[in-house]
$ cat protein14.txt   # compact mmCIF, C-alpha atoms
# COMPACT_ATOMS: atom_id res chain seq x y z
CA MET N 2 0.00 0.00 0.00
CA LYS N 3 1.01 3.59 -0.52
CA ILE N 4 1.42 5.64 2.65
CA SER N 5 2.32 9.28 3.04
CA PHE N 6 3.57 10.96 6.16
CA ARG N 7 5.97 13.62 7.33
CA LEU N 8 9.44 12.30 8.15
CA ASN N 9 11.69 14.79 9.91
CA GLU N 10 9.70 17.71 8.51
CA LYS N 11 9.64 16.40 4.92
CA MET N 12 6.53 14.91 3.36
CA ILE N 13 7.25 11.49 1.89
CA GLU N 14 5.23 8.87 0.09
CA ILE N 15 6.33 5.26 0.03
CA GLU N 16 5.02 1.94 -1.23
CA THR N 17 5.24 -0.62 1.56
CA ALA N 18 3.51 -3.55 3.20
CA PRO N 19 0.97 -2.18 5.69
CA ASP N 20 2.19 -4.55 8.41
CA ARG N 21 5.84 -3.60 8.03
CA ARG N 22 7.20 -2.46 11.36
CA VAL N 23 8.06 1.23 11.47
CA ILE N 24 11.60 0.39 12.66
CA ASP N 25 12.15 -1.75 9.53
CA LEU N 26 10.61 0.88 7.28
CA LEU N 27 13.01 3.46 8.68
CA ARG N 28 16.18 1.41 8.77
CA GLU N 29 15.84 -0.93 5.83
CA ASP N 30 13.56 0.78 3.34
CA LEU N 31 14.50 4.42 3.97
CA GLY N 32 18.10 3.90 5.12
CA ILE N 33 17.60 6.11 8.18
CA THR N 34 19.64 4.07 10.64
CA GLY N 35 19.93 6.44 13.61
CA THR N 36 16.99 4.67 15.25
CA LYS N 37 18.17 1.35 16.72
CA GLU N 38 16.41 -1.92 17.35
CA GLY N 39 17.23 -3.59 20.65
CA CYS N 40 14.70 -6.06 22.00
CA GLY N 41 11.95 -5.71 19.39
CA SER N 42 9.33 -6.10 22.11
CA GLY N 43 8.98 -2.72 23.85
CA GLU N 44 11.31 -3.47 26.74
CA CYS N 45 14.44 -1.45 25.91
CA GLY N 46 13.51 1.89 24.35
CA ALA N 47 16.30 1.85 21.73
CA CYS N 48 13.79 2.36 18.91
CA THR N 49 12.04 5.38 20.50
CA VAL N 50 10.84 7.99 17.97
CA LEU N 51 8.41 10.89 18.22
CA ILE N 52 5.03 10.51 16.56
CA ASP N 53 3.31 13.90 16.36
CA GLY N 54 5.77 14.97 19.03
CA VAL N 55 5.05 12.11 21.46
CA SER N 56 7.59 9.36 22.23
CA LYS N 57 6.55 5.94 20.93
CA LEU N 58 8.29 2.67 20.12
CA SER N 59 8.90 2.12 16.42
CA CYS N 60 9.25 -1.66 16.91
CA LEU N 61 5.63 -1.78 18.08
CA MET N 62 4.09 0.26 15.29
CA LEU N 63 3.00 -0.75 11.82
CA ALA N 64 3.74 1.27 8.71
CA ALA N 65 0.03 1.83 8.07
CA GLN N 66 -0.25 3.70 11.38
CA LEU N 67 2.07 6.40 10.03
CA GLU N 68 -0.42 7.56 7.39
CA GLY N 69 -0.89 11.33 7.82
CA ARG N 70 1.32 11.48 10.92
CA SER N 71 4.55 13.27 11.55
CA ILE N 72 7.52 11.20 12.69
CA THR N 73 10.74 12.58 14.13
CA THR N 74 13.84 10.42 14.42
CA ILE N 75 17.20 11.31 15.94
CA GLU N 76 18.27 12.62 12.50
CA GLY N 77 15.41 15.13 12.55
CA LEU N 78 16.60 16.85 15.72
CA VAL N 79 19.45 18.51 13.87
CA GLN N 80 18.40 21.99 12.70
CA ASP N 81 20.47 23.84 10.10
CA GLY N 82 23.38 21.50 10.71
CA LYS N 83 23.33 22.23 14.45
CA LEU N 84 22.78 19.56 17.08
CA HIS N 85 19.71 19.80 19.31
CA PRO N 86 20.58 21.06 22.83
CA VAL N 87 19.91 17.57 24.22
CA GLN N 88 22.32 16.04 21.69
CA LYS N 89 24.91 18.69 22.49
CA ALA N 90 24.58 18.02 26.20
CA PHE N 91 25.07 14.27 25.65
CA VAL N 92 28.32 15.06 23.86
CA SER N 93 29.62 17.58 26.36
CA HIS N 94 28.76 15.39 29.38
CA GLY N 95 30.22 12.22 27.89
CA ALA N 96 26.79 10.62 28.20
CA VAL N 97 27.71 8.14 25.48
CA GLN N 98 29.60 4.90 25.86
CA CYS N 99 28.84 2.38 23.11
CA GLY N 100 26.16 4.73 21.80
CA PHE N 101 23.52 2.15 20.98
CA CYS N 102 20.96 3.47 23.46
CA SER N 103 21.75 7.14 22.79
CA PRO N 104 19.20 7.88 20.04
CA GLY N 105 16.37 6.40 22.12
CA MET N 106 17.59 8.15 25.27
CA VAL N 107 17.73 11.49 23.45
CA MET N 108 14.22 11.07 22.03
CA SER N 109 12.83 10.21 25.49
CA ALA N 110 14.60 13.27 26.90
CA VAL N 111 13.14 15.52 24.18
CA ASP N 112 9.65 14.18 24.97
CA LEU N 113 10.23 14.87 28.68
CA LEU N 114 11.44 18.45 28.18
CA GLN N 115 8.40 19.23 26.05
CA ARG N 116 6.11 18.18 28.91
CA ASN N 117 8.23 19.36 31.79
CA PRO N 118 10.82 22.03 30.91
CA LEU N 119 12.60 21.91 34.28
CA PRO N 120 12.50 18.34 35.58
CA GLY N 121 14.17 17.20 38.77
CA ARG N 122 16.64 14.29 38.72
CA GLN N 123 13.94 11.87 39.87
CA GLU N 124 11.65 12.99 37.06
CA ILE N 125 14.48 12.53 34.57
CA ARG N 126 15.10 9.01 35.88
CA ARG N 127 11.44 8.19 35.43
CA ALA N 128 11.44 9.66 31.92
CA VAL N 129 14.27 7.40 30.77
CA SER N 130 13.14 4.41 32.84
CA GLY N 131 12.10 2.66 29.64
CA ASN N 132 15.51 3.14 27.99
CA LEU N 133 18.11 0.55 28.88
CA CYS N 134 21.81 1.43 28.73
CA ARG N 135 23.80 -1.78 28.88
CA CYS N 136 27.02 0.15 29.50
CA THR N 137 25.15 1.52 32.55
CA GLY N 138 26.19 5.13 31.95
CA TYR N 139 23.05 6.44 33.55
CA GLN N 140 24.47 9.16 35.78
CA LYS N 141 26.03 11.06 32.91
CA ILE N 142 22.87 10.69 30.86
CA ILE N 143 20.87 12.24 33.69
CA ASP N 144 23.49 14.99 34.05
CA ALA N 145 23.22 15.71 30.32
CA ILE N 146 19.43 15.92 30.35
CA GLN N 147 19.48 18.20 33.37
CA SER N 148 21.97 20.51 31.70
CA ALA N 149 19.98 20.54 28.43
CA ALA N 150 16.89 21.51 30.41
CA LYS N 151 18.71 24.52 31.85
CA GLU N 152 20.03 25.44 28.43
CA LEU N 153 16.57 25.23 26.84
CA ASP N 154 14.82 27.08 29.63
CA MET Q 222 1.42 -9.95 4.63
CA LYS Q 223 -1.40 -8.78 6.85
CA ASN Q 224 -3.92 -6.11 5.97
CA VAL Q 225 -4.13 -3.20 8.38
CA PHE Q 226 -7.32 -1.15 8.62
CA LEU Q 227 -7.54 2.19 10.42
CA PRO Q 228 -11.21 3.24 10.69
CA ASN Q 229 -11.90 6.83 11.72
CA SER Q 230 -15.32 6.22 13.24
CA ILE Q 231 -17.36 3.47 14.89
CA GLU Q 232 -19.52 3.31 11.78
CA GLU Q 233 -16.53 2.80 9.52
CA PHE Q 234 -15.14 0.24 11.95
CA ARG Q 235 -18.38 -1.77 11.86
CA GLN Q 236 -18.38 -1.80 8.07
CA ILE Q 237 -14.81 -3.02 7.93
CA TRP Q 238 -15.32 -5.61 10.65
CA SER Q 239 -18.36 -7.08 8.96
CA ALA Q 240 -16.33 -7.39 5.74
CA VAL Q 241 -13.38 -9.05 7.55
CA PRO Q 242 -14.95 -10.73 10.60
CA ASP Q 243 -11.79 -12.77 11.22
CA ALA Q 244 -9.77 -9.59 11.88
CA VAL Q 245 -8.03 -9.07 15.20
CA LEU Q 246 -8.68 -5.73 16.91
CA MET Q 247 -5.64 -3.72 17.87
CA ALA Q 248 -5.70 -1.10 20.62
CA GLY Q 249 -2.24 0.22 21.54
CA GLY Q 250 -0.49 -2.80 20.01
CA THR Q 251 2.05 -3.13 22.82
CA ASP Q 252 1.00 -6.72 23.58
CA LEU Q 253 -0.56 -7.75 20.29
CA LEU Q 254 2.38 -6.88 18.06
CA VAL Q 255 4.79 -8.74 20.34
CA SER Q 256 2.65 -11.87 20.25
CA LEU Q 257 2.15 -11.61 16.47
CA ARG Q 258 5.90 -11.43 15.99
CA GLU Q 259 6.47 -14.43 18.22
CA GLY Q 260 4.03 -16.27 15.98
CA LYS Q 261 1.69 -16.96 18.90
CA THR Q 262 -1.20 -15.25 17.17
CA LYS Q 263 -1.84 -15.85 13.50
CA VAL Q 264 -3.99 -13.34 11.71
CA LYS Q 265 -4.60 -12.04 8.20
CA ASN Q 266 -6.35 -8.80 9.06
CA ILE Q 267 -5.72 -6.23 11.75
CA ILE Q 268 -8.13 -3.43 12.60
CA SER Q 269 -6.44 -0.67 14.56
CA LEU Q 270 -8.92 1.33 16.63
CA GLU Q 271 -6.54 4.19 17.43
CA ARG Q 272 -8.17 6.73 15.11
CA ILE Q 273 -11.71 6.37 16.47
CA SER Q 274 -11.90 9.53 18.57
CA GLU Q 275 -15.19 8.44 20.16
CA LEU Q 276 -13.21 5.75 22.02
CA ARG Q 277 -10.63 8.17 23.38
CA HIS Q 278 -12.77 10.26 25.76
CA ILE Q 279 -12.87 10.43 29.54
CA ASP Q 280 -16.21 11.76 30.82
CA CYS Q 281 -18.03 12.10 34.09
CA SER Q 282 -21.75 11.43 34.34
CA GLY Q 283 -24.20 10.33 37.03
CA GLY Q 284 -21.61 9.51 39.69
CA GLU Q 285 -19.53 7.49 37.25
CA ILE Q 286 -16.35 8.09 35.32
CA LEU Q 287 -16.70 6.87 31.74
CA ILE Q 288 -13.43 5.89 30.10
CA GLY Q 289 -13.30 5.05 26.40
CA SER Q 290 -11.56 1.77 25.68
CA LEU Q 291 -8.82 3.44 23.60
CA VAL Q 292 -7.83 5.93 26.31
CA THR Q 293 -4.09 5.60 26.82
CA HIS Q 294 -2.37 5.18 30.17
CA GLN Q 295 -0.86 8.63 29.67
CA GLN Q 296 -4.34 10.13 29.25
CA ILE Q 297 -5.31 8.51 32.57
CA LEU Q 298 -2.25 10.13 34.17
CA ASP Q 299 -3.00 13.52 32.65
CA ALA Q 300 -6.75 13.72 33.32
CA PRO Q 301 -7.57 15.92 36.36
CA ILE Q 302 -10.88 14.10 36.85
CA ILE Q 303 -9.07 10.76 37.30
CA ALA Q 304 -6.62 12.27 39.79
CA GLU Q 305 -9.52 13.70 41.72
CA ALA Q 306 -12.07 10.89 41.59
CA LEU Q 307 -10.04 7.70 40.97
CA PRO Q 308 -6.54 8.25 42.38
CA VAL Q 309 -5.98 4.51 42.70
CA LEU Q 310 -6.42 4.08 38.95
CA ARG Q 311 -3.97 6.89 38.34
CA GLN Q 312 -1.44 5.25 40.62
CA ALA Q 313 -1.83 1.94 38.79
CA ALA Q 314 -1.25 3.67 35.44
CA SER Q 315 1.85 5.42 36.79
CA LEU Q 316 3.45 2.05 37.57
CA LEU Q 317 2.72 0.53 34.18
CA GLY Q 318 5.52 0.02 31.65
CA SER Q 319 7.58 3.03 30.61
CA PRO Q 320 6.65 6.49 29.28
CA ALA Q 321 6.61 5.32 25.64
CA VAL Q 322 4.52 2.26 26.55
CA ARG Q 323 2.11 4.53 28.45
CA HIS Q 324 1.82 6.75 25.37
CA MET Q 325 0.76 3.73 23.30
CA GLY Q 326 -0.96 1.22 25.57
CA THR Q 327 -4.65 1.62 26.40
CA ILE Q 328 -7.02 0.76 29.22
CA GLY Q 329 -9.14 -1.36 26.89
CA GLY Q 330 -6.08 -3.27 25.72
CA ASN Q 331 -5.02 -3.88 29.32
CA ILE Q 332 -8.48 -5.27 30.12
CA CYS Q 333 -8.99 -7.38 26.98
CA THR Q 334 -5.48 -8.88 27.11
CA ALA Q 335 -6.62 -10.07 30.55
CA SER Q 336 -3.19 -10.86 31.94
CA PRO Q 337 -3.34 -11.74 35.65
CA ALA Q 338 -0.35 -9.36 36.01
CA ALA Q 339 -2.03 -6.43 34.21
CA ASP Q 340 -1.35 -3.27 36.17
CA LEU Q 341 -4.70 -1.48 35.82
CA LEU Q 342 -6.81 -4.48 36.71
CA PRO Q 343 -6.41 -4.52 40.52
CA ALA Q 344 -7.55 -0.87 40.56
CA LEU Q 345 -10.51 -1.62 38.29
CA TYR Q 346 -11.57 -4.67 40.34
CA LEU Q 347 -11.30 -2.61 43.49
CA LEU Q 348 -13.49 0.14 42.05
CA ASP Q 349 -16.15 -2.34 40.85
CA ALA Q 350 -15.67 -1.23 37.24
CA ARG Q 351 -18.26 -2.31 34.72
CA LEU Q 352 -17.62 -2.79 31.03
CA GLU Q 353 -19.84 -1.66 28.21
CA LEU Q 354 -19.68 -4.24 25.45
CA HIS Q 355 -21.14 -3.44 22.06
CA THR Q 356 -21.95 -5.44 18.97
CA GLU Q 357 -23.49 -4.04 15.86
CA ARG Q 358 -26.95 -4.51 17.35
CA THR Q 359 -26.59 -5.09 21.07
CA LYS Q 360 -25.14 -3.40 24.13
CA ARG Q 361 -24.54 -5.00 27.49
CA THR Q 362 -22.79 -3.91 30.66
CA VAL Q 363 -20.98 -6.53 32.73
CA PRO Q 364 -18.92 -6.33 35.94
CA ILE Q 365 -15.23 -6.71 35.21
CA THR Q 366 -15.19 -9.81 37.43
CA ASP Q 367 -17.56 -11.55 35.00
CA PHE Q 368 -15.67 -10.38 31.94
CA ILE Q 369 -12.26 -11.85 32.69
CA ILE Q 370 -12.65 -15.60 33.07
CA GLY Q 371 -9.04 -16.79 33.15
CA PRO Q 372 -5.49 -15.92 32.18
CA ARG Q 373 -5.80 -14.07 28.87
CA GLN Q 374 -9.41 -15.22 28.53
CA THR Q 375 -12.47 -13.02 28.40
CA SER Q 376 -16.18 -13.58 27.86
CA LEU Q 377 -16.25 -11.35 24.74
CA SER Q 378 -18.67 -12.88 22.26
CA GLU Q 379 -18.17 -12.94 18.54
CA GLY Q 380 -18.62 -9.53 17.00
CA GLU Q 381 -18.45 -7.83 20.38
CA PHE Q 382 -15.96 -5.18 21.45
CA LEU Q 383 -15.21 -3.18 24.56
CA TYR Q 384 -16.70 0.26 24.04
CA ARG Q 385 -16.01 1.92 27.38
CA ILE Q 386 -15.42 1.36 31.05
CA ARG Q 387 -17.81 2.69 33.69
CA VAL Q 388 -16.26 3.30 37.08
CA PRO Q 389 -18.43 4.38 40.03
CA ILE Q 390 -16.83 7.24 41.95
CA PRO Q 391 -16.10 6.13 45.53
CA VAL Q 392 -17.77 8.15 48.29
CA PRO Q 393 -15.74 11.07 49.64
CA ASN Q 394 -13.08 10.41 52.27
CA THR Q 395 -12.12 7.07 50.84
CA ARG Q 396 -8.41 6.39 51.02
CA ALA Q 397 -6.84 4.52 48.15
CA TYR Q 398 -3.58 2.59 47.96
CA TYR Q 399 -1.75 0.67 45.26
CA PHE Q 400 1.40 -1.35 45.80
CA LYS Q 401 3.30 -3.30 43.19
CA VAL Q 402 6.38 -5.47 43.46
CA GLY Q 403 8.33 -6.22 40.29
CA GLN Q 404 11.94 -6.99 39.50
CA ARG Q 405 12.64 -3.30 38.99
CA LYS Q 406 10.69 -0.09 39.31
CA ALA Q 407 9.96 0.47 35.61
CA LEU Q 408 9.03 -1.85 32.75
CA ALA Q 409 8.64 -4.70 35.20
CA ILE Q 410 6.06 -7.43 35.01
CA THR Q 411 4.15 -7.49 38.28
CA ILE Q 412 5.21 -10.27 40.67
CA ALA Q 413 2.36 -9.36 42.97
CA SER Q 414 0.28 -6.25 43.57
CA MET Q 415 -2.42 -5.04 45.90
CA ALA Q 416 -4.93 -2.25 45.52
CA ALA Q 417 -6.93 -1.19 48.57
CA LEU Q 418 -9.67 1.24 49.51
CA LEU Q 419 -10.44 2.20 53.09
CA ARG Q 420 -13.28 4.31 54.34
CA LEU Q 421 -12.62 5.25 57.94
CA ASP Q 422 -14.63 6.94 60.64
CA THR Q 423 -12.94 9.79 62.52
CA ASP Q 424 -11.86 7.37 65.27
CA MET Q 425 -10.19 5.08 62.69
CA THR Q 426 -13.04 2.57 62.70
CA VAL Q 427 -13.24 0.91 59.30
CA LEU Q 428 -16.56 1.60 57.63
CA GLU Q 429 -15.55 -0.18 54.46
CA GLY Q 430 -12.40 -1.94 53.29
CA ARG Q 431 -11.73 -3.40 49.86
CA PHE Q 432 -8.65 -5.29 48.69
CA SER Q 433 -7.77 -6.68 45.27
CA TRP Q 434 -4.76 -8.82 44.46
CA GLY Q 435 -2.83 -8.94 41.18
CA SER Q 436 -0.65 -11.69 39.74
CA VAL Q 437 -1.46 -14.23 42.45
CA GLY Q 438 -4.15 -16.22 40.65
CA PRO Q 439 -5.62 -16.89 37.21
CA THR Q 440 -7.31 -13.48 37.36
CA VAL Q 441 -7.12 -10.51 39.70
CA LEU Q 442 -8.74 -11.67 42.95
CA ARG Q 443 -10.97 -10.15 45.61
CA PHE Q 444 -12.16 -11.93 48.75
CA PRO Q 445 -15.41 -10.32 49.94
CA GLU Q 446 -15.62 -12.57 53.01
CA THR Q 447 -12.17 -11.47 54.13
CA GLU Q 448 -13.01 -7.83 53.45
CA LYS Q 449 -15.94 -8.14 55.88
CA ILE Q 450 -13.56 -8.89 58.77
CA LEU Q 451 -12.59 -5.22 58.71
CA GLN Q 452 -16.04 -3.81 59.10
CA ASN Q 453 -16.60 -1.80 62.27
CA GLN Q 454 -13.15 -2.74 63.58
CA LYS Q 455 -10.51 -0.22 64.52
CA LEU Q 456 -7.72 -0.12 61.98
CA SER Q 457 -4.71 -1.78 63.56
CA GLU Q 458 -1.62 -3.76 62.72
CA PRO Q 459 -3.03 -7.11 63.97
CA LEU Q 460 -6.18 -6.54 61.91
CA LEU Q 461 -4.23 -5.84 58.71
CA LYS Q 462 -1.98 -8.81 59.44
CA GLU Q 463 -5.05 -11.01 59.66
CA ILE Q 464 -6.35 -9.69 56.33
CA GLY Q 465 -2.99 -10.40 54.70
CA GLU Q 466 -2.69 -13.91 56.09
CA LYS Q 467 -6.27 -14.91 55.31
CA SER Q 468 -5.99 -13.50 51.79
CA ALA Q 469 -2.65 -15.22 51.20
CA ARG Q 470 -4.26 -18.58 51.98
CA LEU Q 471 -7.01 -17.92 49.45
CA THR Q 472 -4.70 -16.88 46.59
CA GLU Q 473 -3.61 -19.36 43.92
CA PRO Q 474 -0.20 -18.11 42.79
CA ILE Q 475 2.06 -19.97 40.40
CA SER Q 476 5.85 -20.22 40.34
CA ASP Q 477 7.31 -18.79 37.15
CA ILE Q 478 10.34 -16.97 35.81
CA GLN Q 479 9.43 -13.88 37.87
CA ALA Q 480 9.07 -15.43 41.32
CA SER Q 481 8.00 -18.51 43.27
CA ALA Q 482 4.46 -19.11 44.51
CA ASP Q 483 5.72 -18.97 48.10
CA TYR Q 484 7.27 -15.55 47.56
CA ARG Q 485 4.04 -14.27 46.04
CA ARG Q 486 2.04 -15.54 49.05
CA MET Q 487 4.50 -13.84 51.37
CA LEU Q 488 4.00 -10.54 49.53
CA VAL Q 489 0.22 -10.87 49.85
CA SER Q 490 0.38 -11.48 53.58
CA ASN Q 491 2.63 -8.45 54.08
CA PHE Q 492 1.08 -5.94 51.66
CA PRO Q 493 -1.72 -4.74 53.97
CA LEU Q 494 0.84 -3.76 56.63
CA ARG Q 495 2.09 -1.18 54.19
CA LEU Q 496 -1.16 0.72 54.60
CA LEU Q 497 0.05 1.77 58.02
CA GLN Q 498 3.43 2.76 56.67
CA ALA Q 499 2.03 4.76 53.78
CA GLU Q 500 2.81 8.28 54.89
CA LYS Q 501 0.66 9.83 52.28
CA TYR Q 502 -2.75 8.84 51.23
CA THR Q 503 -5.06 10.37 48.74
CA GLY Q 504 -8.69 10.69 49.55
CA SER Q 505 -11.30 10.66 46.83
CA ASN Q 506 -11.04 14.43 46.78
CA GLY Q 507 -7.29 14.27 46.46
CA LYS Q 508 -6.99 15.82 49.94
CA LYS Q 509 -5.94 14.51 53.30
$ encode --input "protein14.txt" --output "structure tokens"
Amino acid sequence: MKISFRLNEKMIEIETAPDRRVIDLLREDLGITGTKEGCGSGECGACTVLIDGVSKLSCLMLAAQLEGRSITTIEGLVQDGKLHPVQKAFVSHGAVQCGFCSPGMVMSAVDLLQRNPLPGRQEIRRAVSGNLCRCTGYQKIIDAIQSAAKELD
Amino acid sequence: MKNVFLPNSIEEFRQIWSAVPDAVLMAGGTDLLVSLREGKTKVKNIISLERISELRHIDCSGGEILIGSLVTHQQILDAPIIAEALPVLRQAASLLGSPAVRHMGTIGGNICTASPAADLLPALYLLDARLELHTERTKRTVPITDFIIGPRQTSLSEGEFLYRIRVPIPVPNTRAYYFKVGQRKALAITIASMAALLRLDTDMTVLEGRFSWGSVGPTVLRFPETEKILQNQKLSEPLLKEIGEKSARLTEPISDIQASADYRRMLVSNFPLRLLQAEKYTGSNGKK
């Protein structure tokens, strides 16, 4: 089936199977590989994207559900070649070890800061509670999100 | 390849469903899509209900809160009326999954999946929730206890779907509690949980006490006979201990990858003691 949706601010139209997972559509059909697949069952948060601005799991969504929606992936956070403040903070705080969880972590953080511009550390922990970091670099991730919040405020 | 339908209205949904009666209905998809991928469920047609706005409302009418079956857990968390009238349901939703799962998963999906470990169910059992089930021609309302008949089994008939949930608002000055034990604080399958409501007189005499137990039987459990023990008694540690021990004997937990049956029984017998420890409680008006 043909579906059309907005991907990182650009309208696109693509021919795909309606039951294709959004993560596969992104990575394999569109070559947008920033979004990662970890568990494939909603337990790890690596595939987190924003749908109409709200964080959702692209491994648990079907291509057909994208029709008419707007999807933002980690690639779409960059504006005019400049990193998003959350991305910048991850870099400056060394909140990256192997990097596999980072795109999902960043998307969850962006969702949080939209709802709650000045979260406390506990609120940040809760916001990324669905994102697993197997390198266990959580403290620096929380530091980064806190600093991005201040920067954005 | 499966076909995916996305009706925008109940009317459109009915037309599609009558054309593909073998279709599986998808709410948030957080359970269904996992089981489809594992090959546990085989289907040719999926009808996603997410675009039917009629199913996404929370309303208040005649002493009841009416919650559309496609209301997400996040909507439950965000709705002031839920925080005010049904704080125990809000607490249950806050302990479910992760933020992204709460943005996707729905109350109707949680009910119809009918897992004994489902996080919203102890709150809904406690509140005597009733379910409005619709077919093309008929409507019926059943207590949630009659709807869920076993692990992942419901009494939905063919052509019937969960339209909305009707939850009576507890009388004012009812205290509500929800405790869950899982392997971690987020994204954890419930090992055991307890939801409780207490209505107390000014001298701490129990006017009404309700307890529901999650993940310690084939369905969420309530023991009305045990609840009666509380009536007209002063709230005390020995009394709550008795409730816990009697309830633990009546539960039917299993041992699985999460925990042993013995551990689950131990949690049940200790949960009520936490009521005394709970520093904060929320009354039905959200005030102390």
$ residues_around --input "protein14.txt" --residues "Ser376 of chain Q" --least-positions-apart "5" --cutoff "10 Å" --atoms "all atoms listed in the file" --output "list in words"
Cys333, Val363, Asp367, Phe368, Ile369, Ile370, Gly371 and Glu381 of chain Q
$ interface_residues --input "protein14.txt" --of "chain N" --to "chain Q" --cutoff "12 Å" --atoms "only C-alpha atoms" --output "MDAnalysis selection string"
chainID N and resid 2 4 17:23 40:70 105:106 108:110 112:113 116 124:133
$ residues_around --input "protein14.txt" --residues "Leu78 of chain N" --least-positions-apart "6" --cutoff "12 Å" --atoms "all atoms listed in the file" --output "number ranges by chain"
N: 8-10, 35, 50-51, 54, 72, 84-89, 104, 107-108, 110-112
$ atom_distance --input "protein14.txt" --atom1 "atom CA of Pro372 of chain Q" --atom2 "atom CA of Gln404 of chain Q"
20.9 Å
$ atom_distance --input "protein14.txt" --atom1 "atom CA of His278 of chain Q" --atom2 "atom CA of Asn229 of chain Q"
14.5 Å
$ residues_near_point --input "protein14.txt" --point "(-13.1, 8.5, 16.1)" --cutoff "7 Å" --atoms "all atoms listed in the file" --output "list in words"
Asn229, Ser230, Ile231, Arg272, Ile273, Ser274, Glu275 and Leu276 of chain Q
$ residues_around --input "protein14.txt" --residues "segment 343-355 of chain Q" --least-positions-apart "6" --cutoff "8 Å" --atoms "all atoms listed in the file" --output "PyMOL selection string"
chain Q and resi 309-310+313+361-366+368+377+381-391+399+414-418+431-435+441-443
$ residues_around --input "protein14.txt" --residues "Leu460 of chain Q" --least-positions-apart "5" --cutoff "12 Å" --atoms "all atoms listed in the file" --output "PyMOL selection string"
chain Q and resi 426-427+430+447-455+465-467+490-491+493-494+496-497
$ closest_residue --input "protein14.txt" --among "N:Leu31, N:Cys99, N:Ile146, N:Ile75" --to "Leu114 of chain N" --atoms "all atoms listed in the file"
N:Ile146
$ axis_aligned_box --input "protein14.txt" --around "segment 252-268 of chain Q" --padding-each-side "4 Å" --output "AutoDock Vina command-line options"
--center_x -0.8 --center_y -10.2 --center_z 15.9 --size_x 22.6 --size_y 21.5 --size_z 23.4
$ residues_around --input "protein14.txt" --residues "Leu27 of chain N" --least-positions-apart "6" --cutoff "8 Å" --atoms "all atoms listed in the file" --output "list in words"
Ile33, Thr34 and Thr36 of chain N
$ atom_distance --input "protein14.txt" --atom1 "atom CA of Ala300 of chain Q" --atom2 "atom CA of Ile279 of chain Q"
7.9 Å
$ residues_near_point --input "protein14.txt" --point "(29.2, 12.7, 31.3)" --cutoff "8 Å" --atoms "all atoms listed in the file" --output "ChimeraX atom specification"
/N:91-97,140-142,144-145
$ closest_residue --input "protein14.txt" --among "N:Gly100, N:Glu14, N:Thr73, N:Lys83" --to "Lys37 of chain N" --atoms "all atoms listed in the file"
N:Gly100
$ closest_residue --input "protein14.txt" --among "Q:Leu456, Q:Val241, Q:Val437, Q:Ile464" --to "Ser481 of chain Q" --atoms "only C-alpha atoms"
Q:Val437
